[in-house]
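Coordinates from target.cif are shown below (mmCIF, C-alpha atoms).
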```
data_structure
loop_
_atom_site.group_PDB
_atom_site.id
_atom_site.type_symbol
_atom_site.label_atom_id
_atom_site.label_comp_id
_atom_site.auth_asym_id
_atom_site.auth_seq_id
_atom_site.Cartn_x
_atom_site.Cartn_y
_atom_site.Cartn_z
ATOM 1 C CA MET A 5 26.353 50.747 13.285
ATOM 2 C CA PHE A 6 26.076 54.436 14.159
ATOM 3 C CA HIS A 7 28.527 57.134 15.309
ATOM 4 C CA CYS A 8 31.645 56.501 13.196
ATOM 5 C CA ASN A 9 30.169 53.207 11.937
ATOM 6 C CA GLY A 10 30.383 51.645 15.351
ATOM 7 C CA TRP A 11 34.099 52.538 15.564
ATOM 8 C CA THR A 12 34.564 49.946 12.719
ATOM 9 C CA TYR A 13 33.381 47.090 14.953
ATOM 10 C CA THR A 14 30.770 46.386 12.264
ATOM 11 C CA TRP A 15 33.461 45.775 9.661
ATOM 12 C CA ALA A 16 35.677 43.759 12.005
ATOM 13 C CA VAL A 17 32.870 41.274 12.705
ATOM 14 C CA THR A 18 32.234 40.924 8.962
ATOM 15 C CA LEU A 19 35.954 40.478 8.250
ATOM 16 C CA ALA A 20 36.102 37.691 10.832
ATOM 17 C CA GLY A 21 33.178 35.919 9.152
ATOM 18 C CA GLY A 22 30.843 36.606 12.044
ATOM 19 C CA THR A 23 27.054 36.887 11.921
ATOM 20 C CA HIS A 24 25.443 40.209 12.829
ATOM 21 C CA VAL A 25 22.282 40.132 14.942
ATOM 22 C CA CYS A 26 20.602 43.536 14.735
ATOM 23 C CA LEU A 27 17.882 45.029 16.916
ATOM 24 C CA ARG A 28 15.761 48.087 16.190
ATOM 25 C CA ARG A 29 15.652 49.106 19.844
ATOM 26 C CA VAL A 30 17.467 48.357 23.071
ATOM 27 C CA GLU A 31 15.108 46.143 25.029
ATOM 28 C CA PRO A 32 16.199 43.436 27.513
ATOM 29 C CA ALA A 33 13.628 40.886 26.303
ATOM 30 C CA LEU A 34 14.887 41.192 22.708
ATOM 31 C CA ILE A 35 18.529 41.029 23.788
ATOM 32 C CA PHE A 36 18.098 37.898 25.915
ATOM 33 C CA ALA A 37 16.065 36.238 23.135
ATOM 34 C CA ALA A 38 18.755 37.003 20.534
ATOM 35 C CA ILE A 39 21.511 35.641 22.771
ATOM 36 C CA ALA A 40 19.602 32.415 23.397
ATOM 37 C CA GLU A 41 18.214 31.823 19.907
ATOM 38 C CA HIS A 42 21.160 32.957 17.754
ATOM 39 C CA GLY A 43 24.045 31.883 19.993
ATOM 40 C CA VAL A 44 25.422 35.405 20.327
ATOM 41 C CA THR A 45 29.027 35.353 21.566
ATOM 42 C CA HIS A 46 30.030 39.040 21.349
ATOM 43 C CA MET A 47 28.106 42.255 21.873
ATOM 44 C CA CYS A 48 28.586 45.895 22.834
ATOM 45 C CA GLY A 49 26.639 48.203 25.089
ATOM 46 C CA ALA A 50 27.004 51.303 27.227
ATOM 47 C CA PRO A 51 26.865 50.789 31.014
ATOM 48 C CA VAL A 52 23.194 51.796 30.957
ATOM 49 C CA VAL A 53 22.478 48.780 28.727
ATOM 50 C CA LEU A 54 24.293 46.534 31.185
ATOM 51 C CA SER A 55 22.153 47.977 33.964
ATOM 52 C CA MET A 56 18.989 47.244 31.941
ATOM 53 C CA LEU A 57 20.017 43.597 31.587
ATOM 54 C CA ILE A 58 20.894 43.269 35.277
ATOM 55 C CA HIS A 59 17.512 44.616 36.379
ATOM 56 C CA ALA A 60 15.400 42.906 33.711
ATOM 57 C CA PRO A 61 12.343 41.088 35.103
ATOM 58 C CA ALA A 62 12.735 37.350 35.528
ATOM 59 C CA ASP A 63 10.035 36.609 32.941
ATOM 60 C CA VAL A 64 12.016 38.208 30.084
ATOM 61 C CA ARG A 65 15.349 36.536 30.858
ATOM 62 C CA ARG A 66 16.435 33.561 28.786
ATOM 63 C CA PRO A 67 19.080 31.003 29.791
ATOM 64 C CA PHE A 68 22.074 30.511 27.500
ATOM 65 C CA ASP A 69 24.994 28.080 27.610
ATOM 66 C CA GLN A 70 27.735 30.171 26.007
ATOM 67 C CA LYS A 71 29.861 32.810 27.719
ATOM 68 C CA VAL A 72 28.941 36.138 26.126
ATOM 69 C CA LYS A 73 31.765 38.655 25.758
ATOM 70 C CA ILE A 74 30.446 42.177 26.101
ATOM 71 C CA ALA A 75 32.436 45.369 25.528
ATOM 72 C CA THR A 76 31.291 48.467 27.362
ATOM 73 C CA GLY A 77 32.316 52.116 27.319
ATOM 74 C CA GLY A 78 30.993 55.621 26.952
ATOM 75 C CA ALA A 79 30.946 56.035 30.719
ATOM 76 C CA ALA A 80 32.917 54.403 33.488
ATOM 77 C CA PRO A 81 31.009 51.298 34.621
ATOM 78 C CA PRO A 82 30.805 50.850 38.409
ATOM 79 C CA SER A 83 32.518 47.679 39.637
ATOM 80 C CA THR A 84 29.141 46.501 41.001
ATOM 81 C CA VAL A 85 27.691 46.499 37.476
ATOM 82 C CA ILE A 86 30.659 44.488 36.178
ATOM 83 C CA SER A 87 30.427 41.878 38.956
ATOM 84 C CA GLN A 88 26.671 41.470 38.444
ATOM 85 C CA MET A 89 27.147 40.978 34.700
ATOM 86 C CA GLU A 90 29.880 38.418 35.325
ATOM 87 C CA SER A 91 27.572 36.463 37.633
ATOM 88 C CA MET A 92 24.944 36.382 34.828
ATOM 89 C CA GLY A 93 27.292 34.724 32.328
ATOM 90 C CA PHE A 94 28.816 37.774 30.612
ATOM 91 C CA ALA A 95 32.552 38.487 30.341
ATOM 92 C CA VAL A 96 32.947 42.272 30.436
ATOM 93 C CA THR A 97 35.690 44.189 28.624
ATOM 94 C CA HIS A 98 36.010 47.856 29.523
ATOM 95 C CA LEU A 99 36.956 50.299 26.736
ATOM 96 C CA TYR A 100 37.722 54.024 26.946
ATOM 97 C CA GLY A 101 37.914 56.682 24.276
ATOM 98 C CA LEU A 102 36.582 59.944 22.892
ATOM 99 C CA THR A 103 35.235 61.184 19.578
ATOM 100 C CA GLU A 104 38.510 63.143 19.275
ATOM 101 C CA SER A 105 40.477 59.879 19.369
ATOM 102 C CA TYR A 106 38.089 57.984 17.086
ATOM 103 C CA GLY A 107 36.603 55.940 19.855
ATOM 104 C CA PRO A 108 38.351 53.251 21.899
ATOM 105 C CA SER A 109 41.859 54.329 22.843
ATOM 106 C CA THR A 110 42.451 52.096 25.858
ATOM 107 C CA VAL A 111 41.240 48.651 26.845
ATOM 108 C CA CYS A 112 41.305 46.908 30.196
ATOM 109 C CA LEU A 113 43.093 43.803 28.962
ATOM 110 C CA TRP A 114 42.604 40.522 30.780
ATOM 111 C CA GLN A 115 45.577 39.479 32.893
ATOM 112 C CA PRO A 116 46.608 35.979 34.052
ATOM 113 C CA GLY A 117 45.318 35.306 37.531
ATOM 114 C CA LEU A 118 42.293 37.599 37.251
ATOM 115 C CA ASP A 119 39.867 34.685 37.213
ATOM 116 C CA ASP A 120 41.337 33.443 40.495
ATOM 117 C CA LEU A 121 40.471 36.658 42.340
ATOM 118 C CA PRO A 122 37.264 37.111 44.325
ATOM 119 C CA LEU A 123 34.592 38.586 42.054
ATOM 120 C CA ASP A 124 34.608 41.995 43.785
ATOM 121 C CA GLU A 125 38.397 42.357 43.388
ATOM 122 C CA LYS A 126 38.227 41.189 39.776
ATOM 123 C CA ALA A 127 35.458 43.685 39.012
ATOM 124 C CA ALA A 128 37.411 46.533 40.631
ATOM 125 C CA PHE A 129 40.378 45.755 38.345
ATOM 126 C CA MET A 130 38.152 45.480 35.271
ATOM 127 C CA ALA A 131 36.629 48.908 35.989
ATOM 128 C CA ARG A 132 40.002 50.494 35.118
ATOM 129 C CA GLN A 133 40.427 52.070 31.689
ATOM 130 C CA GLY A 134 43.537 49.955 31.078
ATOM 131 C CA VAL A 135 46.314 50.230 28.495
ATOM 132 C CA GLN A 136 46.454 51.819 25.051
ATOM 133 C CA THR A 137 45.160 50.035 21.969
ATOM 134 C CA PRO A 138 47.603 49.285 19.077
ATOM 135 C CA MET A 139 46.653 52.443 17.131
ATOM 136 C CA ILE A 140 47.436 54.730 20.062
ATOM 137 C CA GLU A 141 51.136 55.496 20.386
ATOM 138 C CA GLU A 142 50.935 56.283 24.067
ATOM 139 C CA ALA A 143 48.465 56.941 26.866
ATOM 140 C CA ALA A 144 50.016 58.754 29.814
ATOM 141 C CA VAL A 145 48.901 60.414 33.035
ATOM 142 C CA MET A 146 50.691 63.755 33.186
ATOM 143 C CA ASN A 147 50.817 67.031 35.050
ATOM 144 C CA PRO A 148 49.164 69.435 32.560
ATOM 145 C CA ALA A 149 51.218 72.373 33.832
ATOM 146 C CA THR A 150 54.665 70.743 33.581
ATOM 147 C CA MET A 151 53.843 67.979 31.055
ATOM 148 C CA LYS A 152 55.766 65.510 33.210
ATOM 149 C CA PRO A 153 54.437 61.985 33.879
ATOM 150 C CA MET A 154 52.848 61.396 37.259
ATOM 151 C CA PRO A 155 54.280 58.568 39.400
ATOM 152 C CA ALA A 156 52.738 55.143 38.740
ATOM 153 C CA ASP A 157 51.546 54.709 42.310
ATOM 154 C CA GLY A 158 47.801 54.387 41.758
ATOM 155 C CA ALA A 159 47.208 57.479 43.889
ATOM 156 C CA THR A 160 48.784 60.622 42.386
ATOM 157 C CA MET A 161 46.255 62.230 40.070
ATOM 158 C CA GLY A 162 47.015 63.912 36.753
ATOM 159 C CA GLU A 163 45.361 64.342 33.374
ATOM 160 C CA LEU A 164 45.089 61.455 30.931
ATOM 161 C CA MET A 165 46.764 62.390 27.645
ATOM 162 C CA LEU A 166 46.921 60.598 24.310
ATOM 163 C CA ARG A 167 48.888 60.654 21.101
ATOM 164 C CA GLY A 168 48.705 58.309 18.159
ATOM 165 C CA ASN A 169 47.401 57.599 14.686
ATOM 166 C CA THR A 170 43.700 57.841 15.493
ATOM 167 C CA VAL A 171 43.843 61.132 17.411
ATOM 168 C CA MET A 172 42.211 64.018 15.532
ATOM 169 C CA LYS A 173 44.191 66.779 13.792
ATOM 170 C CA GLY A 174 42.121 69.490 15.463
ATOM 171 C CA TYR A 175 38.752 71.161 15.841
ATOM 172 C CA LEU A 176 37.226 72.498 12.618
ATOM 173 C CA LYS A 177 37.774 76.244 12.216
ATOM 174 C CA ASN A 178 38.685 76.600 15.887
ATOM 175 C CA PRO A 179 42.470 77.031 16.124
ATOM 176 C CA SER A 180 42.407 78.355 19.688
ATOM 177 C CA ALA A 181 40.561 75.258 20.968
ATOM 178 C CA THR A 182 42.942 73.061 18.964
ATOM 179 C CA ASP A 183 46.018 74.761 20.443
ATOM 180 C CA GLU A 184 44.615 74.343 23.947
ATOM 181 C CA ALA A 185 43.744 70.670 23.395
ATOM 182 C CA PHE A 186 47.248 69.882 22.050
ATOM 183 C CA ALA A 187 49.345 71.999 24.428
ATOM 184 C CA GLY A 188 52.728 70.338 24.897
ATOM 185 C CA GLY A 189 52.293 68.009 21.919
ATOM 186 C CA TRP A 190 49.725 65.698 23.525
ATOM 187 C CA PHE A 191 45.944 65.561 23.279
ATOM 188 C CA HIS A 192 44.470 66.605 26.632
ATOM 189 C CA THR A 193 41.419 64.412 27.320
ATOM 190 C CA GLY A 194 40.102 66.432 30.262
ATOM 191 C CA ASP A 195 39.907 63.231 32.317
ATOM 192 C CA LEU A 196 41.670 63.086 35.674
ATOM 193 C CA ALA A 197 43.337 59.751 36.291
ATOM 194 C CA VAL A 198 45.986 57.770 38.132
ATOM 195 C CA MET A 199 48.550 55.377 36.682
ATOM 196 C CA HIS A 200 48.908 52.065 38.472
ATOM 197 C CA GLN A 201 52.213 50.292 38.934
ATOM 198 C CA ASP A 202 51.208 47.684 36.330
ATOM 199 C CA GLY A 203 50.749 50.419 33.697
ATOM 200 C CA TYR A 204 46.953 50.430 33.807
ATOM 201 C CA VAL A 205 45.153 53.784 33.784
ATOM 202 C CA GLU A 206 42.221 54.424 36.096
ATOM 203 C CA ILE A 207 40.098 57.534 35.565
ATOM 204 C CA LYS A 208 38.952 59.219 38.746
ATOM 205 C CA ASP A 209 36.745 61.920 37.228
ATOM 206 C CA ARG A 210 36.190 64.386 34.423
ATOM 207 C CA ALA A 211 37.975 67.611 35.313
ATOM 208 C CA LYS A 212 34.686 69.487 35.010
ATOM 209 C CA ASP A 213 32.923 66.970 37.273
ATOM 210 C CA VAL A 214 35.286 67.262 40.251
ATOM 211 C CA ILE A 215 33.464 68.804 43.215
ATOM 212 C CA ILE A 216 35.505 71.294 45.245
ATOM 213 C CA SER A 217 34.001 71.573 48.705
ATOM 214 C CA GLY A 218 35.730 73.699 51.327
ATOM 215 C CA GLY A 219 38.991 73.425 49.365
ATOM 216 C CA GLU A 220 38.797 69.604 49.196
ATOM 217 C CA ASN A 221 38.527 67.802 45.845
ATOM 218 C CA ILE A 222 35.764 65.193 45.717
ATOM 219 C CA SER A 223 35.604 62.632 42.901
ATOM 220 C CA SER A 224 32.037 62.205 41.695
ATOM 221 C CA LEU A 225 32.950 58.722 40.422
ATOM 222 C CA GLU A 226 34.121 57.656 43.890
ATOM 223 C CA VAL A 227 30.805 58.701 45.423
ATOM 224 C CA GLU A 228 28.843 57.049 42.597
ATOM 225 C CA GLU A 229 30.756 53.802 43.128
ATOM 226 C CA VAL A 230 29.536 53.732 46.733
ATOM 227 C CA LEU A 231 25.968 54.582 45.734
ATOM 228 C CA TYR A 232 25.846 51.736 43.216
ATOM 229 C CA LYS A 233 26.681 49.304 46.011
ATOM 230 C CA HIS A 234 23.528 50.256 47.934
ATOM 231 C CA PRO A 235 21.154 47.269 47.606
ATOM 232 C CA SER A 236 18.236 49.475 46.488
ATOM 233 C CA VAL A 237 20.050 51.682 43.952
ATOM 234 C CA MET A 238 19.824 50.934 40.220
ATOM 235 C CA GLU A 239 21.472 54.096 38.834
ATOM 236 C CA ALA A 240 23.229 57.074 40.377
ATOM 237 C CA ALA A 241 24.981 60.288 39.405
ATOM 238 C CA VAL A 242 26.676 62.916 41.559
ATOM 239 C CA VAL A 243 27.240 66.574 40.668
ATOM 240 C CA ALA A 244 28.256 69.786 42.388
ATOM 241 C CA ARG A 245 25.569 71.917 44.008
ATOM 242 C CA PRO A 246 26.416 75.540 44.855
ATOM 243 C CA ASP A 247 26.771 76.119 48.602
ATOM 244 C CA GLU A 248 27.207 79.451 50.396
ATOM 245 C CA LYS A 249 29.483 78.027 53.076
ATOM 246 C CA TRP A 250 31.529 75.380 51.234
ATOM 247 C CA GLY A 251 31.433 76.746 47.682
ATOM 248 C CA GLU A 252 30.170 73.417 46.364
ATOM 249 C CA THR A 253 28.681 70.325 47.943
ATOM 250 C CA PRO A 254 27.787 66.934 46.403
ATOM 251 C CA GLN A 255 24.223 66.267 45.301
ATOM 252 C CA ALA A 256 23.180 62.729 44.391
ATOM 253 C CA PHE A 257 20.567 61.832 41.803
ATOM 254 C CA VAL A 258 19.340 58.279 42.326
ATOM 255 C CA THR A 259 17.091 55.825 40.484
ATOM 256 C CA LEU A 260 15.859 53.025 42.736
ATOM 257 C CA LYS A 261 15.443 49.411 41.645
ATOM 258 C CA PRO A 262 11.882 48.444 40.668
ATOM 259 C CA GLY A 263 9.765 47.197 43.529
ATOM 260 C CA VAL A 264 12.129 48.087 46.363
ATOM 261 C CA ALA A 265 10.807 49.309 49.691
ATOM 262 C CA ALA A 266 10.761 53.038 50.314
ATOM 263 C CA VAL A 267 14.231 54.546 50.640
ATOM 264 C CA THR A 268 14.741 58.068 51.950
ATOM 265 C CA ASP A 269 17.437 60.645 51.385
ATOM 266 C CA ARG A 270 18.560 60.030 54.972
ATOM 267 C CA ASP A 271 19.061 56.337 54.172
ATOM 268 C CA ILE A 272 21.253 57.188 51.177
ATOM 269 C CA ILE A 273 23.302 59.758 53.101
ATOM 270 C CA ALA A 274 23.778 57.345 56.022
ATOM 271 C CA TRP A 275 24.965 54.651 53.594
ATOM 272 C CA CYS A 276 27.550 57.022 52.133
ATOM 273 C CA ARG A 277 28.719 58.069 55.599
ATOM 274 C CA GLY A 278 29.383 54.414 56.366
ATOM 275 C CA HIS A 279 31.666 54.059 53.336
ATOM 276 C CA LEU A 280 33.212 57.495 52.713
ATOM 277 C CA ALA A 281 34.843 60.364 54.538
ATOM 278 C CA HIS A 282 31.961 62.564 55.682
ATOM 279 C CA TYR A 283 32.973 65.584 53.595
ATOM 280 C CA LYS A 284 32.570 63.468 50.444
ATOM 281 C CA CYS A 285 29.005 62.438 51.252
ATOM 282 C CA PRO A 286 26.028 63.981 49.448
ATOM 283 C CA ARG A 287 24.052 66.491 51.482
ATOM 284 C CA TYR A 288 21.162 66.402 49.011
ATOM 285 C CA VAL A 289 19.521 63.424 47.290
ATOM 286 C CA THR A 290 16.991 63.556 44.462
ATOM 287 C CA PHE A 291 15.089 60.419 43.406
ATOM 288 C CA GLY A 292 13.792 59.654 39.920
ATOM 289 C CA PRO A 293 14.883 58.657 36.389
ATOM 290 C CA LEU A 294 18.178 60.123 35.174
ATOM 291 C CA PRO A 295 18.308 62.127 31.914
ATOM 292 C CA LYS A 296 20.338 60.333 29.227
ATOM 293 C CA THR A 297 21.621 60.930 25.721
ATOM 294 C CA SER A 298 20.660 58.677 22.807
ATOM 295 C CA THR A 299 23.814 56.622 23.485
ATOM 296 C CA GLY A 300 22.890 56.057 27.129
ATOM 297 C CA LYS A 301 25.225 58.572 28.774
ATOM 298 C CA ILE A 302 23.847 60.322 31.829
ATOM 299 C CA MET A 303 23.521 64.047 31.053
ATOM 300 C CA LYS A 304 25.387 65.544 33.981
ATOM 301 C CA PHE A 305 25.134 69.053 32.575
ATOM 302 C CA ASP A 306 21.348 68.714 32.929
ATOM 303 C CA LEU A 307 21.727 67.486 36.505
ATOM 304 C CA ARG A 308 24.093 70.369 37.308
ATOM 305 C CA GLU A 309 21.404 72.805 36.171
ATOM 306 C CA GLN A 310 18.868 71.054 38.371
ATOM 307 C CA ALA A 311 21.278 71.244 41.319
ATOM 308 C CA LYS A 312 21.852 74.954 40.729
ATOM 309 C CA ALA A 313 18.111 75.535 40.718
ATOM 310 C CA GLY A 314 17.880 73.821 44.099
#
```
Please express what this file holds, its structure, as structure tokens.
Amino acid sequence: MFHCNGWTYTWAVTLAGGTHVCLRRVEPALIFAAIAEHGVTHMCGAPVVLSMLIHAPADVRRPFDQKVKIATGGAAPPSTVISQMESMGFAVTHLYGLTESYGPSTVCLWQPGLDDLPLDEKAAFMARQGVQTPMIEEAAVMNPATMKPMPADGATMGELMLRGNTVMKGYLKNPSATDEAFAGGWFHTGDLAVMHQDGYVEIKDRAKDVIISGGENISSLEVEEVLYKHPSVMEAAVVARPDEKWGETPQAFVTLKPGVAAVTDRDIIAWCRGHLAHYKCPRYVTFGPLPKTSTGKIMKFDLREQAKAG
């Protein structure tokens, strides 16, 4: 019910004759109790909320019979988080959008045959940002220099661009920023993405989050996806750290699961080396809680400052 009135989700539930179950704070025990006692069928939460539910202690979990549909967005959820939620009885829908496009602009729509895939493959598909919602005229992955669409091969990276009825008119009293954001007649999201052959968009990174090490582009999301698959990792974020030799090098910030045995930076780096090209692997690892905004987004700008400070 906050930030653009919940992108009108609040009114849609009321229009459909649904019952709202409201909580004063995000707490796993309260969420599980509400689901069990009120028969909750639909809910929303940022990926950090999903992570809280996954790692909730056994004594606060409550069994429930219904399949709970949960929409998530605000940050790209790792496929591991999606698969773990699915195994707990939640059906995850991935949404993508920005304040400039009035929230959700794309949705990873369910496709026939998805439920027949192994859970890991299904989760990898569901981690995509998907196709445009009805109020968006078009979502395209384009070359920002030529404004030509990139090939739908799932590999060639461009910038995700939007146009449609819910896209803003511009930035208040900032015509230069508006002109830059709408160069070529499209809204430039600043997200780097690929277009798959089936027309589904998959974001690879924010342009400002790409790490350029020795002339090679490294996707922070790709490295984070590997980190989330480590059995002891609960949360992870990767940012660029200045490096005299390479220009930039990846630094990982990691929150371990409660009660796990001691894990060292060497363990984390070795894990990454077993799953990634070596130049993509973090050379530095910092353990501890990750700074977040009030909506649960990890504050990468804060982490970048920490990385700069060494």
* State, in Å with one decimal place, the distance from CA of Tyr232 (chain A) to CA of Met92 (chain A). =>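 Answer for the CA of Tyr232 (chain A) to CA of Met92 (chain A) separation: 17.5 Å.
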* Just the residues within 10 Å of region 174-187 of chain A, please, counting all atoms listed in the file, with nothing from its chain fewer than 3 positions along; format it as an MDAnalysis selection string. => chainID A and resid 104 148:149 151 165:167 171 190:194
* For Thr160 (chain A), which of A:Arg132, A:Val198, A:Thr137, A:Cys26 is the closest residue, counting only C-alpha atoms? ->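 Among the listed residues, the smallest separation from Thr160 (chain A) belongs to A:Val198.
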* Asked: Could you name the residues that touch Phe305 (chain A) at 12 Å or less, counting only C-alpha atoms, but leaving out those on the same chain fewer than 3 positions away, as a list of chain:residue names?
  ->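 After dropping sequence-adjacent residues, the list is A:Lys212, A:Asp213, A:Ala241, A:Val242, A:Val243, A:Ala244, A:Arg245, A:Leu294, A:Pro295, A:Lys296, A:Thr297, A:Lys301, A:Ile302, A:Arg308, A:Glu309, A:Gln310, A:Ala311, A:Lys312.
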Residues of region 228-313 of chain A within 12 Å of region 65-89 of chain A: nearest atom pair and distance (Å, one decimal) for each, counting only C-alpha atoms, sorted by chain and number, as CSV?
```
residue,atom,partner,partner_atom,distance
A:Glu228,CA,A:Pro82,CA,7.7
A:Glu229,CA,A:Pro82,CA,5.6
A:Val230,CA,A:Pro82,CA,8.9
A:Leu231,CA,A:Pro82,CA,9.5
A:Tyr232,CA,A:Thr84,CA,6.6
A:Lys233,CA,A:Thr84,CA,6.2
A:His234,CA,A:Thr84,CA,9.7
A:Pro235,CA,A:Thr84,CA,10.4
A:Val237,CA,A:Thr84,CA,10.9
A:Met238,CA,A:Val85,CA,9.4
A:Glu239,CA,A:Pro82,CA,9.9
A:Ala240,CA,A:Pro82,CA,10.0
A:Ala241,CA,A:Pro82,CA,11.1
A:Lys296,CA,A:Ala79,CA,11.5
A:Thr297,CA,A:Gly78,CA,10.8
A:Ser298,CA,A:Gly78,CA,11.5
A:Thr299,CA,A:Gly78,CA,8.0
A:Gly300,CA,A:Gly78,CA,8.1
A:Lys301,CA,A:Ala79,CA,6.6
A:Ile302,CA,A:Ala79,CA,8.4
A:Met303,CA,A:Ala79,CA,10.9
A:Lys304,CA,A:Ala79,CA,11.5
```
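From CA of Thr170 (chain A) back to CA of Tyr106 (chain A), the distance works out to 5.8 Å.
Distances to Pro293 (chain A) were evaluated for A:Thr259, A:Thr253, A:Thr97, A:Ser217 using all atoms listed in the file, and the minimum falls at A:Thr259.
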* Asked: Nearest to Pro138 (chain A): which of A:Asp157, A:Leu118, A:Ile215, A:Pro108 is it, counting all atoms listed in the file?
  ->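 When distances to Pro138 (chain A) are compared using all atoms listed in the file, the smallest one comes from A:Pro108.
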* To do: Rank A:Val205, A:Met199, A:Ile216, A:Val96 by their smallest atom-to-atom distance to Thr110 (chain A), using only C-alpha atoms, and report the top residue only.
  => A:Val205
* Asked: If you measure from CA of Ala128 (chain A) to CA of Gln115 (chain A), what distance in Å do you get, rounded to one decimal?
  ->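 If I compute the distance from CA of Ala128 (chain A) to CA of Gln115 (chain A), I get 13.3 Å.
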Selection result of the PyMOL selection byres ((chain A and resi 219) around 12) on this file, as a compact mmCIF listing (two decimals) with C-alpha atoms, keeping the file's coordinate frame:
```
# COMPACT_ATOMS: atom_id res chain seq x y z
CA VAL A 214 35.29 67.26 40.25
CA ILE A 215 33.46 68.80 43.22
CA ILE A 216 35.51 71.29 45.24
CA SER A 217 34.00 71.57 48.70
CA GLY A 218 35.73 73.70 51.33
CA GLU A 220 38.80 69.60 49.20
CA ASN A 221 38.53 67.80 45.84
CA ILE A 222 35.76 65.19 45.72
CA LYS A 249 29.48 78.03 53.08
CA TRP A 250 31.53 75.38 51.23
CA GLY A 251 31.43 76.75 47.68
CA GLU A 252 30.17 73.42 46.36
CA THR A 253 28.68 70.32 47.94
CA TYR A 283 32.97 65.58 53.60
CA LYS A 284 32.57 63.47 50.44
```
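Minimum atom-to-atom distance to Asp269 (chain A), evaluated using all atoms listed in the file, belongs to A:Val289 out of A:Pro61, A:Val52, A:Val289, A:Pro254.
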* Asked: Using only C-alpha atoms, can you list as JSON, numbers by chain the residues within 7 Å of (37.4, 59.7, 36.6)?
  -> {"A": [195, 196, 197, 207, 208, 209, 210, 225]}
Would you mind exporting the chosen residues as a PDB file, in the coordinates of the input, restricted to C-alpha atoms?
```pdb
ATOM      1  CA  ASP A 195      39.907  63.231  32.317  1.00  0.00           C
ATOM      2  CA  LEU A 196      41.670  63.086  35.674  1.00  0.00           C
ATOM      3  CA  ALA A 197      43.337  59.751  36.291  1.00  0.00           C
ATOM      4  CA  ILE A 207      40.098  57.534  35.565  1.00  0.00           C
ATOM      5  CA  LYS A 208      38.952  59.219  38.746  1.00  0.00           C
ATOM      6  CA  ASP A 209      36.745  61.920  37.228  1.00  0.00           C
ATOM      7  CA  ARG A 210      36.190  64.386  34.423  1.00  0.00           C
ATOM      8  CA  LEU A 225      32.950  58.722  40.422  1.00  0.00           C
TER       9      LEU A 225
END
```
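Nearest to Met172 (chain A) of all the residues A:Ser223, A:Thr268, A:Thr23, A:Ser105 is A:Ser105, based on only C-alpha atoms.
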* Distance query Gly134 (chain A) at most 10 Å, all atoms listed in the file, self and fewer than 5 positions along chain excluded, as a ChimeraX atom specification -> /A:98-100,109-114,129,143,199-200,202-207
Around region 116-122 of chain A, fit a box with edges along x, y and z, padding it by 3 Å on each side, then list its centre and edge lengths in Å to one decimal as AutoDock Vina command-line options.
```
--center_x 41.9 --center_y 35.5 --center_z 39.2 --size_x 15.3 --size_y 10.2 --size_z 16.3
```
* Let me know the residues the PyMOL selection byres ((chain A and resi 57) around 9) catches in the file above, as a PyMOL selection string. => chain A and resi 31-33+35-36+52-56+58-61+65+89
Filtering to N, CA and C atoms, could region 209-219 of chain A of the supplied structure be written out as a tab-separated table (two decimals), in the first residue's frame?
```tsv
chain	number	residue	atom	x	y	z
A	209	ASP	N	22.49	-7.24	-16.28
A	209	ASP	CA	23.07	-6.35	-15.28
A	209	ASP	C	22.57	-4.93	-15.50
A	210	ARG	N	22.69	-4.10	-14.44
A	210	ARG	CA	22.56	-2.67	-14.62
A	210	ARG	C	23.82	-2.18	-15.30
A	211	ALA	N	23.69	-1.23	-16.21
A	211	ALA	CA	24.86	-0.73	-16.91
A	211	ALA	C	25.92	-0.24	-15.93
A	212	LYS	N	25.48	0.39	-14.85
A	212	LYS	CA	26.44	0.93	-13.88
A	212	LYS	C	27.04	-0.15	-13.00
A	213	ASP	N	26.46	-1.36	-13.03
A	213	ASP	CA	26.97	-2.44	-12.18
A	213	ASP	C	27.91	-3.39	-12.91
A	214	VAL	N	28.02	-3.24	-14.23
A	214	VAL	CA	28.95	-4.09	-14.99
A	214	VAL	C	30.38	-3.81	-14.53
A	215	ILE	N	31.14	-4.86	-14.31
A	215	ILE	CA	32.52	-4.74	-13.86
A	215	ILE	C	33.43	-4.95	-15.08
A	216	ILE	N	34.29	-3.99	-15.34
A	216	ILE	CA	35.20	-4.08	-16.49
A	216	ILE	C	36.60	-4.36	-15.96
A	217	SER	N	37.03	-5.59	-16.13
A	217	SER	CA	38.31	-6.03	-15.58
A	217	SER	C	39.24	-6.45	-16.71
A	218	GLY	N	40.33	-5.71	-16.88
A	218	GLY	CA	41.27	-6.03	-17.95
A	218	GLY	C	40.64	-6.00	-19.32
A	219	GLY	N	39.64	-5.12	-19.51
A	219	GLY	CA	38.96	-5.02	-20.81
A	219	GLY	C	37.82	-5.99	-20.99
```
